[in-house]
>>> print(open('upload-v4.cif').read())   # mmCIF, C-alpha atoms and all ligand atoms
data_entry
loop_
_atom_site.label_atom_id
_atom_site.label_comp_id
_atom_site.auth_asym_id
_atom_site.auth_seq_id
_atom_site.Cartn_x
_atom_site.Cartn_y
_atom_site.Cartn_z
CA MET A 316 18.68 -7.54 -14.29
CA LEU A 317 19.07 -3.89 -13.33
CA THR A 318 20.81 -1.49 -15.63
CA GLU A 319 21.72 1.45 -13.48
CA ASN A 320 22.00 5.04 -14.57
CA LEU A 321 19.84 4.49 -17.62
CA PHE A 322 17.80 7.64 -17.26
CA LEU A 323 14.41 7.77 -18.89
CA ALA A 324 12.77 11.16 -19.36
CA PRO A 325 10.00 11.61 -16.76
CA GLU A 326 7.28 11.71 -19.47
CA SER A 327 8.53 8.39 -20.90
CA LEU A 328 8.75 6.74 -17.51
CA HIS A 329 5.29 8.07 -16.69
CA SER A 330 3.75 6.57 -19.83
CA ARG A 331 5.79 3.39 -19.42
CA SER A 332 4.42 3.12 -15.88
CA GLN A 333 0.85 3.49 -17.15
CA GLN A 334 1.54 0.79 -19.71
CA VAL A 335 3.14 -1.66 -17.24
CA ILE A 336 0.08 -1.34 -15.01
CA LEU A 337 -2.58 -1.55 -17.70
CA ASP A 338 -0.82 -4.47 -19.44
CA ASN A 339 -0.74 -6.48 -16.24
CA GLN A 340 -4.34 -6.04 -15.22
CA GLN A 341 -6.11 -9.38 -15.48
CA SER A 342 -9.50 -10.03 -17.06
CA GLY A 343 -11.20 -10.18 -13.65
CA GLY A 344 -9.80 -6.78 -12.62
CA GLY A 345 -6.89 -7.88 -10.39
CA TYR A 346 -3.37 -6.54 -10.96
CA LEU A 347 -0.45 -8.96 -10.91
CA ALA A 348 1.99 -7.64 -8.29
CA CYS A 349 4.81 -8.60 -10.67
CA PRO A 350 4.37 -10.61 -13.86
CA MET A 351 7.86 -12.14 -13.67
CA MET A 352 7.92 -13.69 -10.21
CA PRO A 353 5.71 -16.75 -9.64
CA ASP A 354 5.04 -15.88 -5.97
CA TYR A 355 3.84 -12.43 -7.06
CA GLN A 356 1.39 -13.58 -9.72
CA PHE A 357 -1.49 -12.72 -7.47
CA SER A 358 -3.41 -9.54 -6.87
CA TRP A 359 -2.91 -7.97 -3.44
CA PHE A 360 -5.50 -5.68 -1.86
CA ARG A 361 -2.62 -3.42 -0.74
CA ASP A 362 -0.60 -3.16 -3.95
CA GLY A 363 -3.77 -2.86 -6.00
CA SER A 364 -5.19 -0.11 -3.80
CA PHE A 365 -2.13 2.07 -4.35
CA ILE A 366 -2.27 1.26 -8.05
CA ALA A 367 -5.98 2.18 -8.25
CA TYR A 368 -5.28 5.36 -6.27
CA ALA A 369 -2.53 6.30 -8.73
CA LEU A 370 -4.80 5.63 -11.71
CA THR A 371 -7.62 7.63 -10.16
CA LEU A 372 -5.40 10.73 -9.99
CA ASP A 373 -3.78 10.00 -13.32
CA GLY A 374 -7.11 9.55 -15.13
CA ARG A 375 -8.05 13.03 -14.01
CA ASP A 376 -4.72 14.70 -14.78
CA ALA A 377 -3.42 12.78 -17.82
CA PRO A 378 -6.40 10.83 -19.22
CA ILE A 379 -5.78 8.11 -21.78
CA PRO A 380 -8.75 7.79 -24.19
CA HIS A 381 -10.69 4.54 -23.84
CA PRO A 382 -13.69 3.10 -25.74
CA ALA A 383 -15.70 3.06 -22.49
CA GLY A 384 -15.87 6.87 -22.77
CA ILE A 385 -13.91 7.47 -19.56
CA ALA A 386 -10.15 7.59 -19.08
CA ALA A 387 -8.49 4.18 -19.47
CA GLN A 388 -7.05 4.69 -15.98
CA TRP A 389 -10.52 5.11 -14.46
CA ASP A 390 -11.86 2.13 -16.37
CA SER A 391 -9.00 0.07 -14.97
CA ALA A 392 -9.34 1.32 -11.38
CA GLY A 393 -13.09 0.66 -11.50
CA LYS A 394 -12.47 -2.93 -12.57
CA PHE A 395 -10.03 -3.39 -9.70
CA HIS A 396 -12.57 -2.06 -7.20
CA GLN A 397 -15.13 -4.47 -8.59
CA TRP A 398 -12.59 -7.29 -8.17
CA CYS A 399 -12.02 -6.37 -4.51
CA ALA A 400 -15.75 -6.18 -3.86
CA ARG A 401 -16.10 -9.64 -5.38
CA MET A 402 -13.26 -11.12 -3.29
CA ILE A 403 -14.93 -9.77 -0.16
CA ASN A 404 -18.59 -10.46 -0.97
CA GLU A 405 -17.89 -14.03 -2.06
CA ARG A 406 -16.48 -14.69 1.40
CA ALA A 407 -19.30 -12.97 3.27
CA GLU A 408 -20.23 -15.96 5.44
CA ALA A 409 -16.67 -16.56 6.63
CA VAL A 410 -16.11 -12.85 7.24
CA GLU A 411 -19.34 -12.65 9.28
CA ARG A 412 -18.15 -15.61 11.38
CA SER A 413 -14.86 -13.78 12.07
CA ILE A 414 -16.76 -10.66 13.10
CA GLU A 415 -19.01 -12.63 15.45
CA ARG A 416 -16.07 -14.48 17.01
CA ALA A 417 -14.10 -11.27 17.51
CA ASN A 418 -17.12 -9.55 19.04
CA ARG A 419 -17.58 -12.49 21.45
CA GLY A 420 -13.88 -12.32 22.35
CA GLU A 421 -13.20 -15.78 20.90
CA PRO A 422 -9.96 -16.74 19.13
CA LEU A 423 -9.69 -16.16 15.42
CA VAL A 424 -10.05 -18.94 12.84
CA ILE A 425 -7.58 -18.01 10.11
CA ALA A 426 -9.56 -19.85 7.43
CA ASP A 427 -12.38 -17.37 8.03
CA THR A 428 -10.24 -14.26 7.53
CA LEU A 429 -9.51 -12.41 4.30
CA ASN A 430 -6.26 -13.18 2.50
CA ALA A 431 -3.77 -10.49 1.54
CA ARG A 432 -3.82 -11.71 -2.06
CA TYR A 433 -5.89 -13.86 -4.40
CA ARG A 434 -5.55 -15.14 -7.91
CA ASP A 435 -7.48 -13.04 -10.38
CA GLU A 436 -10.27 -15.62 -10.56
CA GLY A 437 -10.46 -15.68 -6.77
CA ALA A 438 -8.46 -18.76 -5.75
CA ALA A 439 -6.28 -18.55 -2.65
CA GLY A 440 -2.55 -19.27 -2.80
CA PRO A 441 -0.65 -21.88 -0.77
CA ALA A 442 -1.73 -22.03 2.88
CA GLU A 443 1.76 -21.33 4.26
CA TRP A 444 1.81 -17.74 2.94
CA PRO A 445 1.38 -15.10 5.69
CA GLU A 446 -2.04 -14.07 4.41
CA PHE A 447 -3.64 -12.53 7.47
CA GLN A 448 -2.90 -8.82 6.97
CA LEU A 449 -5.49 -6.24 7.97
CA ASP A 450 -3.99 -3.24 6.18
CA GLY A 451 -5.03 -4.47 2.71
CA PRO A 452 -8.83 -4.26 3.00
CA ALA A 453 -8.42 -1.00 4.93
CA LEU A 454 -6.36 0.55 2.14
CA TRP A 455 -8.96 -0.66 -0.33
CA LEU A 456 -11.63 1.42 1.46
CA TRP A 457 -9.34 4.45 1.31
CA ALA A 458 -8.60 4.03 -2.40
CA LEU A 459 -12.25 3.32 -3.22
CA GLU A 460 -13.38 6.52 -1.55
CA LYS A 461 -10.90 8.50 -3.62
CA TYR A 462 -12.14 6.81 -6.79
CA VAL A 463 -15.78 7.45 -5.93
CA GLU A 464 -15.05 11.11 -5.19
CA VAL A 465 -12.87 11.88 -8.21
CA CYS A 466 -14.93 9.86 -10.72
CA ARG A 467 -18.22 11.04 -9.16
CA VAL A 468 -19.66 7.56 -8.74
CA LYS A 469 -23.12 8.27 -7.41
CA PRO A 470 -24.97 6.41 -6.04
CA LEU A 471 -22.48 3.83 -4.82
CA PRO A 472 -23.34 0.53 -6.55
CA LEU A 473 -25.13 -1.84 -4.15
CA TYR A 474 -22.50 -4.54 -4.65
CA TRP A 475 -19.76 -2.12 -3.55
CA GLN A 476 -21.86 -0.94 -0.61
CA GLN A 477 -22.18 -4.52 0.56
CA ALA A 478 -18.40 -5.05 0.39
CA VAL A 479 -17.65 -1.74 2.12
CA ASP A 480 -20.06 -2.59 4.93
CA LEU A 481 -18.57 -6.06 5.36
CA ALA A 482 -14.92 -5.02 5.18
CA ALA A 483 -15.44 -2.12 7.56
CA ARG A 484 -17.30 -4.17 10.19
CA TYR A 485 -14.57 -6.82 9.89
CA LEU A 486 -11.82 -4.25 10.47
CA ALA A 487 -13.72 -2.62 13.33
CA ALA A 488 -14.09 -6.01 15.04
CA LEU A 489 -10.52 -7.26 14.46
CA TRP A 490 -8.47 -4.06 14.64
CA ARG A 491 -6.52 -5.01 17.76
CA THR A 492 -5.75 -8.59 16.65
CA PRO A 493 -2.05 -9.23 15.89
CA CYS A 494 -1.54 -9.83 12.17
CA TYR A 495 1.25 -9.75 9.58
CA ASP A 496 2.34 -6.25 8.63
CA CYS A 497 2.40 -4.83 5.12
CA TRP A 498 5.77 -6.57 4.57
CA GLU A 499 4.12 -9.87 5.50
CA GLU A 500 6.28 -10.17 8.61
CA ARG A 501 5.90 -10.36 12.43
CA GLY A 502 2.50 -12.02 12.53
CA GLY A 503 2.38 -11.96 16.33
CA ASP A 504 2.64 -8.17 16.67
CA VAL A 505 0.30 -5.21 16.47
CA HIS A 506 1.62 -2.81 13.83
CA ILE A 507 1.13 0.92 13.91
CA SER A 508 1.00 1.33 10.13
CA THR A 509 -1.75 -1.33 10.01
CA MET A 510 -3.63 0.56 12.74
CA ALA A 511 -3.26 3.78 10.76
CA ALA A 512 -4.67 2.07 7.67
CA ILE A 513 -7.63 0.72 9.64
CA TYR A 514 -8.28 4.18 11.10
CA ALA A 515 -8.36 5.65 7.60
CA GLY A 516 -10.35 2.76 6.11
CA LEU A 517 -13.11 3.12 8.70
CA GLY A 518 -13.31 6.86 8.05
CA ALA A 519 -13.60 6.22 4.32
CA ALA A 520 -16.28 3.57 4.90
CA GLU A 521 -18.41 6.03 6.89
CA ARG A 522 -18.30 8.52 4.07
CA LEU A 523 -19.03 5.87 1.45
CA VAL A 524 -21.97 4.38 3.36
CA PRO A 525 -23.35 7.07 5.66
CA THR A 526 -25.39 4.59 7.73
CA LEU A 527 -22.09 3.23 9.11
CA ASN A 528 -20.73 4.91 12.21
CA PHE A 529 -17.29 4.18 13.58
CA GLU A 530 -16.73 7.37 15.48
CA THR A 531 -16.10 5.67 18.83
CA LYS A 532 -13.99 2.93 17.30
CA ARG A 533 -11.83 5.43 15.43
CA ALA A 534 -11.31 7.48 18.57
CA GLU A 535 -10.25 4.27 20.35
CA ILE A 536 -7.79 3.39 17.57
CA LYS A 537 -6.28 6.87 17.53
CA ASP A 538 -5.93 6.84 21.29
CA PHE A 539 -4.29 3.39 21.09
CA ILE A 540 -1.77 4.64 18.51
CA LEU A 541 -0.93 7.75 20.49
CA THR A 542 -0.56 5.95 23.80
CA GLN A 543 0.75 2.48 22.91
CA GLY A 544 2.22 3.02 19.49
CA LEU A 545 5.21 5.19 20.36
CA THR A 546 8.92 4.55 20.81
CA PRO A 547 10.64 5.70 24.04
CA THR A 548 11.83 8.76 22.08
CA SER A 549 8.26 9.57 20.96
CA GLU A 550 8.24 8.58 17.34
CA LEU A 551 5.55 6.31 15.92
CA ALA A 552 6.83 2.78 16.52
CA LYS A 553 7.00 0.00 13.97
CA SER A 554 4.89 -2.22 16.26
CA VAL A 555 3.61 -2.03 19.82
CA GLY A 556 6.54 -2.37 22.22
CA LEU A 557 9.31 -2.02 19.61
CA ASP A 558 11.88 0.77 19.73
CA MET A 559 12.16 0.90 15.96
CA VAL A 560 10.63 2.79 13.09
CA ASP A 561 9.59 1.35 9.77
CA ALA A 562 9.29 3.18 6.48
CA ASN A 563 5.71 1.90 6.31
CA LEU A 564 4.88 4.57 8.93
CA LEU A 565 4.73 7.01 6.03
CA LEU A 566 1.18 5.67 5.84
CA ALA A 567 0.21 7.69 8.89
CA ALA A 568 0.30 10.98 6.97
CA LEU A 569 -1.26 9.88 3.69
CA PRO A 570 -3.81 12.27 2.17
CA ASP A 571 -7.36 11.65 3.42
CA PHE A 572 -6.15 9.45 6.30
CA GLY A 573 -7.10 12.15 8.79
CA LEU A 574 -4.76 10.71 11.40
CA LEU A 575 -1.67 12.93 11.50
CA ALA A 576 -1.00 16.06 9.48
CA VAL A 577 2.27 16.03 7.52
CA ASP A 578 3.68 18.69 9.82
CA ASP A 579 2.38 17.21 13.06
CA PRO A 580 5.38 17.11 15.45
CA LEU A 581 4.90 13.37 15.97
CA MET A 582 4.97 12.76 12.23
CA LYS A 583 8.00 14.99 11.82
CA ARG A 584 9.88 13.13 14.56
CA THR A 585 8.96 9.83 12.88
CA ILE A 586 10.18 11.07 9.51
CA ALA A 587 13.41 12.33 11.08
CA ARG A 588 14.08 8.86 12.46
CA ILE A 589 13.18 7.20 9.16
CA GLU A 590 15.66 9.55 7.49
CA ARG A 591 18.28 8.75 10.13
CA ASP A 592 17.84 4.95 10.27
CA LEU A 593 16.51 3.99 6.85
CA LEU A 594 17.38 6.56 4.22
CA ALA A 595 20.56 5.28 2.60
CA ASP A 596 22.50 8.29 1.41
CA GLY A 597 21.90 8.48 -2.32
CA HIS A 598 20.30 5.05 -2.31
CA GLY A 599 16.62 5.34 -1.43
CA VAL A 600 14.85 3.94 1.59
CA HIS A 601 15.08 0.61 3.45
CA ARG A 602 12.00 -0.99 5.02
CA HIS A 603 13.40 -1.43 8.57
CA THR A 604 16.74 -2.05 10.22
CA GLU A 605 16.21 -5.82 10.62
CA ASP A 606 15.29 -6.42 7.00
CA THR A 607 16.97 -9.44 5.39
CA TYR A 608 14.61 -9.98 2.41
CA TYR A 609 16.89 -9.98 -0.67
CA GLY A 610 19.58 -8.64 1.66
CA GLY A 611 17.40 -5.76 2.89
CA GLY A 612 18.09 -3.42 -0.01
CA ALA A 613 16.69 0.04 -0.63
CA TRP A 614 13.12 -0.03 -1.93
CA ILE A 615 12.27 2.13 -4.90
CA LEU A 616 8.65 2.43 -3.88
CA LEU A 617 9.72 3.65 -0.46
CA GLY A 618 12.03 6.28 -1.95
CA LEU A 619 9.01 7.43 -3.95
CA TRP A 620 6.78 7.26 -0.92
CA LEU A 621 9.14 9.56 0.99
CA ALA A 622 9.15 11.83 -2.07
CA TRP A 623 5.35 11.84 -1.91
CA TYR A 624 5.56 12.91 1.73
CA TYR A 625 7.99 15.71 0.79
CA THR A 626 5.58 16.95 -1.89
CA GLN A 627 2.85 17.07 0.75
CA GLN A 628 5.20 19.20 2.83
CA GLY A 629 5.91 21.42 -0.17
CA ASP A 630 9.59 20.39 -0.33
CA THR A 631 9.77 19.61 -4.02
CA ASN A 632 13.58 19.76 -4.11
CA LYS A 633 13.94 16.84 -1.75
CA ALA A 634 11.17 15.02 -3.62
CA ARG A 635 12.90 15.52 -6.95
CA MET A 636 16.17 14.09 -5.62
CA LEU A 637 14.43 10.84 -4.74
CA VAL A 638 12.56 10.80 -8.04
CA HIS A 639 15.88 11.27 -9.81
CA TRP A 640 17.30 8.35 -7.84
CA THR A 641 14.35 6.25 -8.97
CA GLU A 642 14.86 7.23 -12.57
CA SER A 643 18.47 6.02 -12.34
CA HIS A 644 17.19 2.50 -11.61
CA VAL A 645 15.02 1.98 -14.65
CA ASP A 646 16.09 -1.05 -16.67
CA ALA A 647 16.48 -1.25 -20.45
CA GLN A 648 12.76 -2.04 -20.87
CA GLY A 649 11.72 0.94 -18.77
CA ASN A 650 10.81 -1.22 -15.77
CA LEU A 651 11.17 -0.36 -12.10
CA PRO A 652 11.95 -3.09 -9.58
CA GLU A 653 10.86 -3.58 -6.00
CA GLN A 654 14.28 -2.86 -4.47
CA VAL A 655 17.91 -2.48 -5.44
CA ASN A 656 20.83 -4.39 -4.06
CA ASN A 657 23.61 -1.82 -4.00
CA ALA A 658 23.04 -0.73 -0.40
CA MET A 659 21.98 -3.85 1.47
CA PHE A 660 21.56 -4.07 5.24
CA ALA A 661 22.18 -7.84 5.27
CA PRO A 662 24.05 -8.79 2.06
CA SER A 663 24.66 -12.40 3.14
CA PHE A 664 20.93 -13.11 2.74
CA TYR A 665 20.72 -11.94 -0.86
CA GLN A 666 21.70 -15.11 -2.72
CA GLY A 667 19.43 -17.32 -0.61
CA TRP A 668 16.41 -15.33 -1.74
CA VAL A 669 17.52 -15.37 -5.37
CA ALA A 670 17.83 -19.16 -5.14
CA GLN A 671 14.38 -19.44 -3.57
CA ARG A 672 12.36 -16.92 -5.60
CA GLY A 673 14.51 -15.75 -8.51
CA GLU A 674 15.73 -12.21 -9.20
CA ILE A 675 14.24 -9.21 -7.37
CA ALA A 676 10.68 -8.60 -8.55
CA ASN A 677 10.79 -6.44 -11.69
CA PRO A 678 8.66 -4.74 -12.85
CA LEU A 679 6.76 -4.22 -9.61
CA LEU A 680 3.42 -2.59 -10.44
CA TRP A 681 3.17 -0.95 -7.04
CA THR A 682 6.50 0.84 -7.67
CA HIS A 683 5.24 2.17 -11.00
CA ALA A 684 2.08 3.35 -9.24
CA LYS A 685 4.12 5.33 -6.72
CA TYR A 686 6.03 6.93 -9.59
CA ILE A 687 2.76 8.06 -11.16
CA ILE A 688 1.51 9.44 -7.85
CA VAL A 689 4.66 11.48 -7.26
CA GLN A 690 4.70 12.79 -10.83
CA ASN A 691 1.10 13.92 -10.42
CA ARG A 692 1.91 15.56 -7.12
CA LEU A 693 4.91 17.37 -8.57
CA LYS A 694 2.82 18.65 -11.47
CA GLN A 695 0.22 20.01 -9.09
CA GLY A 696 2.90 22.12 -7.40
CA SER A 697 1.34 24.32 -4.80
CA LEU A 698 -2.25 23.17 -5.36
CA PRO A 699 -3.96 21.80 -2.25
CA VAL A 700 -2.94 18.25 -1.34
CA VAL A 701 -5.25 15.59 -2.77
C1 LIG B 801 5.93 -7.16 0.13
C2 LIG B 801 4.48 -6.77 0.21
C3 LIG B 801 3.85 -6.75 -1.18
C4 LIG B 801 4.14 -8.03 -1.93
C5 LIG B 801 3.70 -7.95 -3.39
C6 LIG B 801 6.05 -8.47 -0.62
O1 LIG B 801 7.39 -8.81 -0.71
O2 LIG B 801 6.47 -7.30 1.42
O3 LIG B 801 4.36 -5.49 0.77
O4 LIG B 801 2.48 -6.56 -1.05
O5 LIG B 801 5.51 -8.30 -1.92
O6 LIG B 801 4.24 -6.86 -4.03
#
>>> encode(input="upload-v4.cif", output="structure tokens")
Amino acid sequence: MLTENLFLAPESLHSRSQQVILDNQQSGGGYLACPMMPDYQFSWFRDGSFIAYALTLDGRDAPIPHPAGIAAQWDSAGKFHQWCARMINERAEAVERSIERANRGEPLVIADTLNARYRDEGAAGPAEWPEFQLDGPALWLWALEKYVEVCRVKPLPLYWQQAVDLAARYLAALWRTPCYDCWEERGGDVHISTMAAIYAGLGAAERLVPTLNFETKRAEIKDFILTQGLTPTSELAKSVGLDMVDANLLLAALPDFGLLAVDDPLMKRTIARIERDLLADGHGVHRHTEDTYYGGGAWILLGLWLAWYYTQQGDTNKARMLVHWTESHVDAQGNLPEQVNNAMFAPSFYQGWVAQRGEIANPLLWTHAKYIIVQNRLKQGSLPVV
């Protein structure tokens, strides 16, 4: 249940966010997406990568003492990276089969692909979940590189090297295959945000394991995005052939992605359309105009993501307005949900989802991670973007 307008001081919400994340890390290193919703009691590569990224920055800027002798945030992020490496390495044979099939131009066997989420101990969830999502492992490579750089992990443990090599070759072989997007929708399409994540993931993999070389592949992906991934009005498109944007296109300008600079005209046009079509005045950001999930409300993590983009642009005023909006949606326990239902695109769908899955996921760890990231960015002020 959301209690609106219960403002928590930024320092309290920051430490509450650290606590929500650390409390919901499992013994194997996975993070529950949301402890309250049964369907979310898994660890996603995507959610976890943003969480680990947040903790990597936070461990440097606001370290919490830990018996391991490093910041508690770094200890936690390291355990998550180990969990991801395990999920990937334990499926090495299946992943290799997918790579070989893709390289031979044969159809994919879904059972041989990586899932978007696993239980902490490694079990897969029910088969009907839209598990085939390529952005997750790609984002893991991006977050791992940041961790390795900031925490000076040298040399890269062999077990991690093995997982990086496998995940990167898998992404390089499958990059053009239609898959579900980061919202677990439209499994028959090719999504530009997924492509952007793969582009970044392959770049990170090269730097993590210098014997890997994806230069040609990355050039091909970038060319694909810039030629086939645009709307008729020259914004990045949600998916190939769609005249729509999606807030997930904020991915394209993330730090270290190396795809589009924050002030690249293409990125700026995309942001302008996101602001026009998806930024609900005073109510955060919707995912896309056809969203019906829980009525297609405004997502807190997307409001924060746009704030993150604004900090990269140096527009801290706009960023602070969105942060303030976020802070007005903290509940009595200091939790932040996935989305809020006071500005829905498709209100008639709301109750159906509540009946099927329960109340909107709250707390959502990924939302708390975005809050930490934006707070760290705001504190850095005019320092170079990291
Ligand atoms: C979202 C995904 C997310 C998952 C777990 C889904 O509803 O669409 O992006 O990874 O929840 O948080």
>>> residues_near_ligand(input="upload-v4.cif", ligand="ligand LIG 801 (chain B)", cutoff="8 Å", atoms="only C-alpha atoms and all ligand atoms", output="ChimeraX atom specification")
/A:348-349,355,359,361-362,431,497-500,608,653,679-681
>>> closest_residue(input="upload-v4.cif", among="A:Asp450, A:Ile536, A:Trp398, A:Pro525", to="Tyr474 of chain A", atoms="all atoms listed in the file")
A:Trp398
>>> closest_atom_pairs(input="upload-v4.cif", of="segment 418-537 of chain A", to="segment 366-389 of chain A", cutoff="9 Å", atoms="all atoms listed in the file", output="CSV")
residue,atom,partner,partner_atom,distance
A:Trp455,CA,A:Ala367,CA,8.9
A:Trp457,CA,A:Tyr368,CA,8.6
A:Ala458,CA,A:Tyr368,CA,5.3
A:Leu459,CA,A:Tyr368,CA,7.9
A:Lys461,CA,A:Tyr368,CA,7.0
A:Tyr462,CA,A:Thr371,CA,5.7
A:Val465,CA,A:Thr371,CA,7.0
A:Cys466,CA,A:Trp389,CA,7.5
>>> atom_distance(input="upload-v4.cif", atom1="atom CA of Gly612 of chain A", atom2="atom CA of Phe660 of chain A")
6.3 Å
>>> closest_residue(input="upload-v4.cif", among="A:Ile615, A:Leu486, A:Ala520, A:Leu581", to="Leu594 of chain A", atoms="all atoms listed in the file")
A:Ile615
>>> closest_residue(input="upload-v4.cif", among="A:Leu481, A:Met351, A:Ala670, A:Leu693", to="Pro652 of chain A", atoms="only C-alpha atoms")
A:Met351
>>> residues_around(input="upload-v4.cif", residues="Ala442 of chain A", least_positions_apart="2", cutoff="12 Å", atoms="all atoms listed in the file", output="PyMOL selection string")
chain A and resi 425-426+430-433+438-440+444-447
>>> closest_residue(input="upload-v4.cif", among="A:Val479, A:Leu456, A:Leu574, A:Ala324", to="Ala519 of chain A", atoms="only C-alpha atoms")
A:Leu456
>>> residues_around(input="upload-v4.cif", residues="Gln654 of chain A", least_positions_apart="3", cutoff="9 Å", atoms="only C-alpha atoms", output="PyMOL selection string")
chain A and resi 601+609+611-617+651+675-677
>>> atom_distance(input="upload-v4.cif", atom1="atom CA of Trp623 of chain A", atom2="atom CA of Gly344 of chain A")
26.3 Å
>>> atom_distance(input="upload-v4.cif", atom1="atom CA of Gln397 of chain A", atom2="atom CA of Leu347 of chain A")
15.5 Å
>>> residues_around(input="upload-v4.cif", residues="Ile507 of chain A", least_positions_apart="3", cutoff="7 Å", atoms="all atoms listed in the file", output="short mmCIF file (atom, residue, chain, number, x, y, z; two decimals) with C-alpha atoms, in the frame of the given file")
data_model
loop_
_atom_site.label_atom_id
_atom_site.label_comp_id
_atom_site.auth_asym_id
_atom_site.auth_seq_id
_atom_site.Cartn_x
_atom_site.Cartn_y
_atom_site.Cartn_z
CA MET A 510 -3.63 0.56 12.74
CA ALA A 511 -3.26 3.78 10.76
CA ILE A 540 -1.77 4.64 18.51
CA GLY A 544 2.22 3.02 19.49
CA ALA A 552 6.83 2.78 16.52
CA LYS A 553 7.00 0.00 13.97
CA SER A 554 4.89 -2.22 16.26
#
>>> residues_around(input="upload-v4.cif", residues="segment 558-573 of chain A", least_positions_apart="5", cutoff="8 Å", atoms="only C-alpha atoms", output="PDB file with C-alpha atoms, in the coordinates of the input")
ATOM      1  CA  TRP A 457      -9.340   4.450   1.310  1.00  0.00           C
ATOM      2  CA  CYS A 497       2.400  -4.830   5.120  1.00  0.00           C
ATOM      3  CA  ILE A 507       1.130   0.920  13.910  1.00  0.00           C
ATOM      4  CA  SER A 508       1.000   1.330  10.130  1.00  0.00           C
ATOM      5  CA  ALA A 511      -3.260   3.780  10.760  1.00  0.00           C
ATOM      6  CA  ALA A 512      -4.670   2.070   7.670  1.00  0.00           C
ATOM      7  CA  TYR A 514      -8.280   4.180  11.100  1.00  0.00           C
ATOM      8  CA  ALA A 515      -8.360   5.650   7.600  1.00  0.00           C
ATOM      9  CA  GLY A 516     -10.350   2.760   6.110  1.00  0.00           C
ATOM     10  CA  GLY A 518     -13.310   6.860   8.050  1.00  0.00           C
ATOM     11  CA  THR A 546       8.920   4.550  20.810  1.00  0.00           C
ATOM     12  CA  PRO A 547      10.640   5.700  24.040  1.00  0.00           C
ATOM     13  CA  GLU A 550       8.240   8.580  17.340  1.00  0.00           C
ATOM     14  CA  LEU A 551       5.550   6.310  15.920  1.00  0.00           C
ATOM     15  CA  ALA A 552       6.830   2.780  16.520  1.00  0.00           C
ATOM     16  CA  LYS A 553       7.000   0.000  13.970  1.00  0.00           C
ATOM     17  CA  MET A 582       4.970  12.760  12.230  1.00  0.00           C
ATOM     18  CA  THR A 585       8.960   9.830  12.880  1.00  0.00           C
ATOM     19  CA  ILE A 586      10.180  11.070   9.510  1.00  0.00           C
ATOM     20  CA  ARG A 588      14.080   8.860  12.460  1.00  0.00           C
ATOM     21  CA  ILE A 589      13.180   7.200   9.160  1.00  0.00           C
ATOM     22  CA  LEU A 593      16.510   3.990   6.850  1.00  0.00           C
ATOM     23  CA  VAL A 600      14.850   3.940   1.590  1.00  0.00           C
ATOM     24  CA  HIS A 601      15.080   0.610   3.450  1.00  0.00           C
ATOM     25  CA  ARG A 602      12.000  -0.990   5.020  1.00  0.00           C
ATOM     26  CA  HIS A 603      13.400  -1.430   8.570  1.00  0.00           C
ATOM     27  CA  THR A 604      16.740  -2.050  10.220  1.00  0.00           C
ATOM     28  CA  LEU A 617       9.720   3.650  -0.460  1.00  0.00           C
ATOM     29  CA  TRP A 620       6.780   7.260  -0.920  1.00  0.00           C
ATOM     30  CA  LEU A 621       9.140   9.560   0.990  1.00  0.00           C
ATOM     31  CA  TYR A 624       5.560  12.910   1.730  1.00  0.00           C
ATOM     32  CA  VAL A 700      -2.940  18.250  -1.340  1.00  0.00           C
ATOM     33  CA  VAL A 701      -5.250  15.590  -2.770  1.00  0.00           C
TER      34      VAL A 701
END
>>> closest_residue(input="upload-v4.cif", among="A:Arg484, A:Ala684, A:Gly437, A:Phe664", to="Ala417 of chain A", atoms="only C-alpha atoms")
A:Arg484
>>> closest_residue(input="upload-v4.cif", among="A:Glu674, A:Glu521, A:Asp646, A:Asp579", to="Leu328 of chain A", atoms="all atoms listed in the file")
A:Asp646
